[in-house]
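Below you'll find the structure, written out as structure tokens, and then a few comments.
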Amino acid sequence: MRCPFCGNMETQVKDSRPSEDGAAIRRRRSCPECGGRFTTFERVQLRDLVIVKRSGRRTPFDRTKLDRSIAVAVRKRPIDQERIDRMVSGIVRQLESLGETDISSETVGDLVMKALRSLDVVAYVRYASVYRDFQETSDFARFLGDEGLSDDGANDEIDDPHVIKRGLGEQDLSSTDDA
């Protein structure tokens, strides 16, 4: 394995153990040339997957891209990294078990949406806002209503999504105030 710090081709494995979810082998390595230490993961890959984009463009499946997109959705949410890793591994296993090498980006997105909905509703809505390309607040409101996630009657007041109403504790700080 090449050292990511100095490029030396000869590195030594110092420790090997299964990852938390058991889907990979975690190896701690060191470089005798520069003394750098780093971690690698070895995973089983059943087949090379190709993602077919909406435009028809084909790209190799990249697990790290899937990890990054999910990390954006779950950022600052109270979710253990172990649960996220298990979810990503589960999605990859589902993709590999489809029996096809060419997989549409919609299939990947739908699997992510399904997994996120069961993991964390806020992360699910965040991901959906990008995946479904929400442009206005009305897109959010419609999605929440369609998914049964809106508060009962709370969104009934929204006639015009461009009108923002003040909530409790907010003040009108117009120039006519005597503050």
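Here's how to read the names in the structure tokens: chain A, B, ... by the order shown, residue numbers from 1 in each chain, ligand numbers from 1 in the order shown.
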Inset, instruction - Would you list the contacts of region 34-38 of chain A as number ranges by chain, taking every protein, DNA or RNA residue within 10 Å and counting only C-alpha atoms, but skipping same-chain residues closer than 6 positions in sequence? - result: A: 3-8, 11-14, 27-28
Would you write out those residues with C-alpha atoms, as an mmCIF file, in the first residue's frame?
```
data_model
loop_
_atom_site.group_PDB
_atom_site.id
_atom_site.type_symbol
_atom_site.label_atom_id
_atom_site.label_comp_id
_atom_site.auth_asym_id
_atom_site.auth_seq_id
_atom_site.Cartn_x
_atom_site.Cartn_y
_atom_site.Cartn_z
ATOM 1 C CA CYS A 3 2.091 5.874 1.818
ATOM 2 C CA PRO A 4 -0.210 8.902 1.424
ATOM 3 C CA PHE A 5 2.450 11.175 2.944
ATOM 4 C CA CYS A 6 5.657 10.358 1.055
ATOM 5 C CA GLY A 7 4.521 7.972 -1.707
ATOM 6 C CA ASN A 8 6.709 5.077 -0.511
ATOM 7 C CA THR A 11 4.272 0.206 4.221
ATOM 8 C CA GLN A 12 3.797 -2.090 7.177
ATOM 9 C CA VAL A 13 0.535 -3.298 8.720
ATOM 10 C CA LYS A 14 0.667 -2.682 12.478
ATOM 11 C CA ARG A 27 -5.782 -1.872 9.064
ATOM 12 C CA ARG A 28 -3.429 0.534 10.863
#
```
Inset, instruction - Give the strand (DSSP E) residues of region 12-171 of chain A, as DSSP finds them on the backbone, and put them as JSON, numbers by chain. - result: {"A": [12, 13, 14, 15, 16, 17, 18, 24, 25, 26, 27, 28, 29, 30, 37, 38, 39, 40, 41, 42, 43, 50, 51, 52, 58, 59, 60, 102, 103, 104]}
Legend entry - Secondary structure check, alpha helix (DSSP H) residues of chain A, as a PyMOL selection string: chain A and resi 63-74+81-96+105-119+121-131+137-146
Inset, instruction - Name the closest residue to Glu20 (chain A) among the candidates A:Ser89, A:Ser69, A:Thr39, A:Ser150; distances are taken between atoms, counting only C-alpha atoms. - result: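 Among the listed residues, A:Ser89 lies closest to Glu20 (chain A).
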Inset, instruction - Name the residues in contact with Ile91 (chain A) at a cut-off of 12 Å, using only C-alpha atoms, excluding same-chain residues fewer than 5 positions from it; report them as number ranges by chain. - result: A: 63, 66-67, 70, 84-86, 96-98, 107-116
Inset, instruction - Determine the nearest neighbour of Leu119 (chain A) from the options A:Arg142, A:Leu95, A:Arg83, A:Gln135, counting only C-alpha atoms. - result: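 Checking each candidate against Leu119 (chain A), we get A:Arg83 as the closest.
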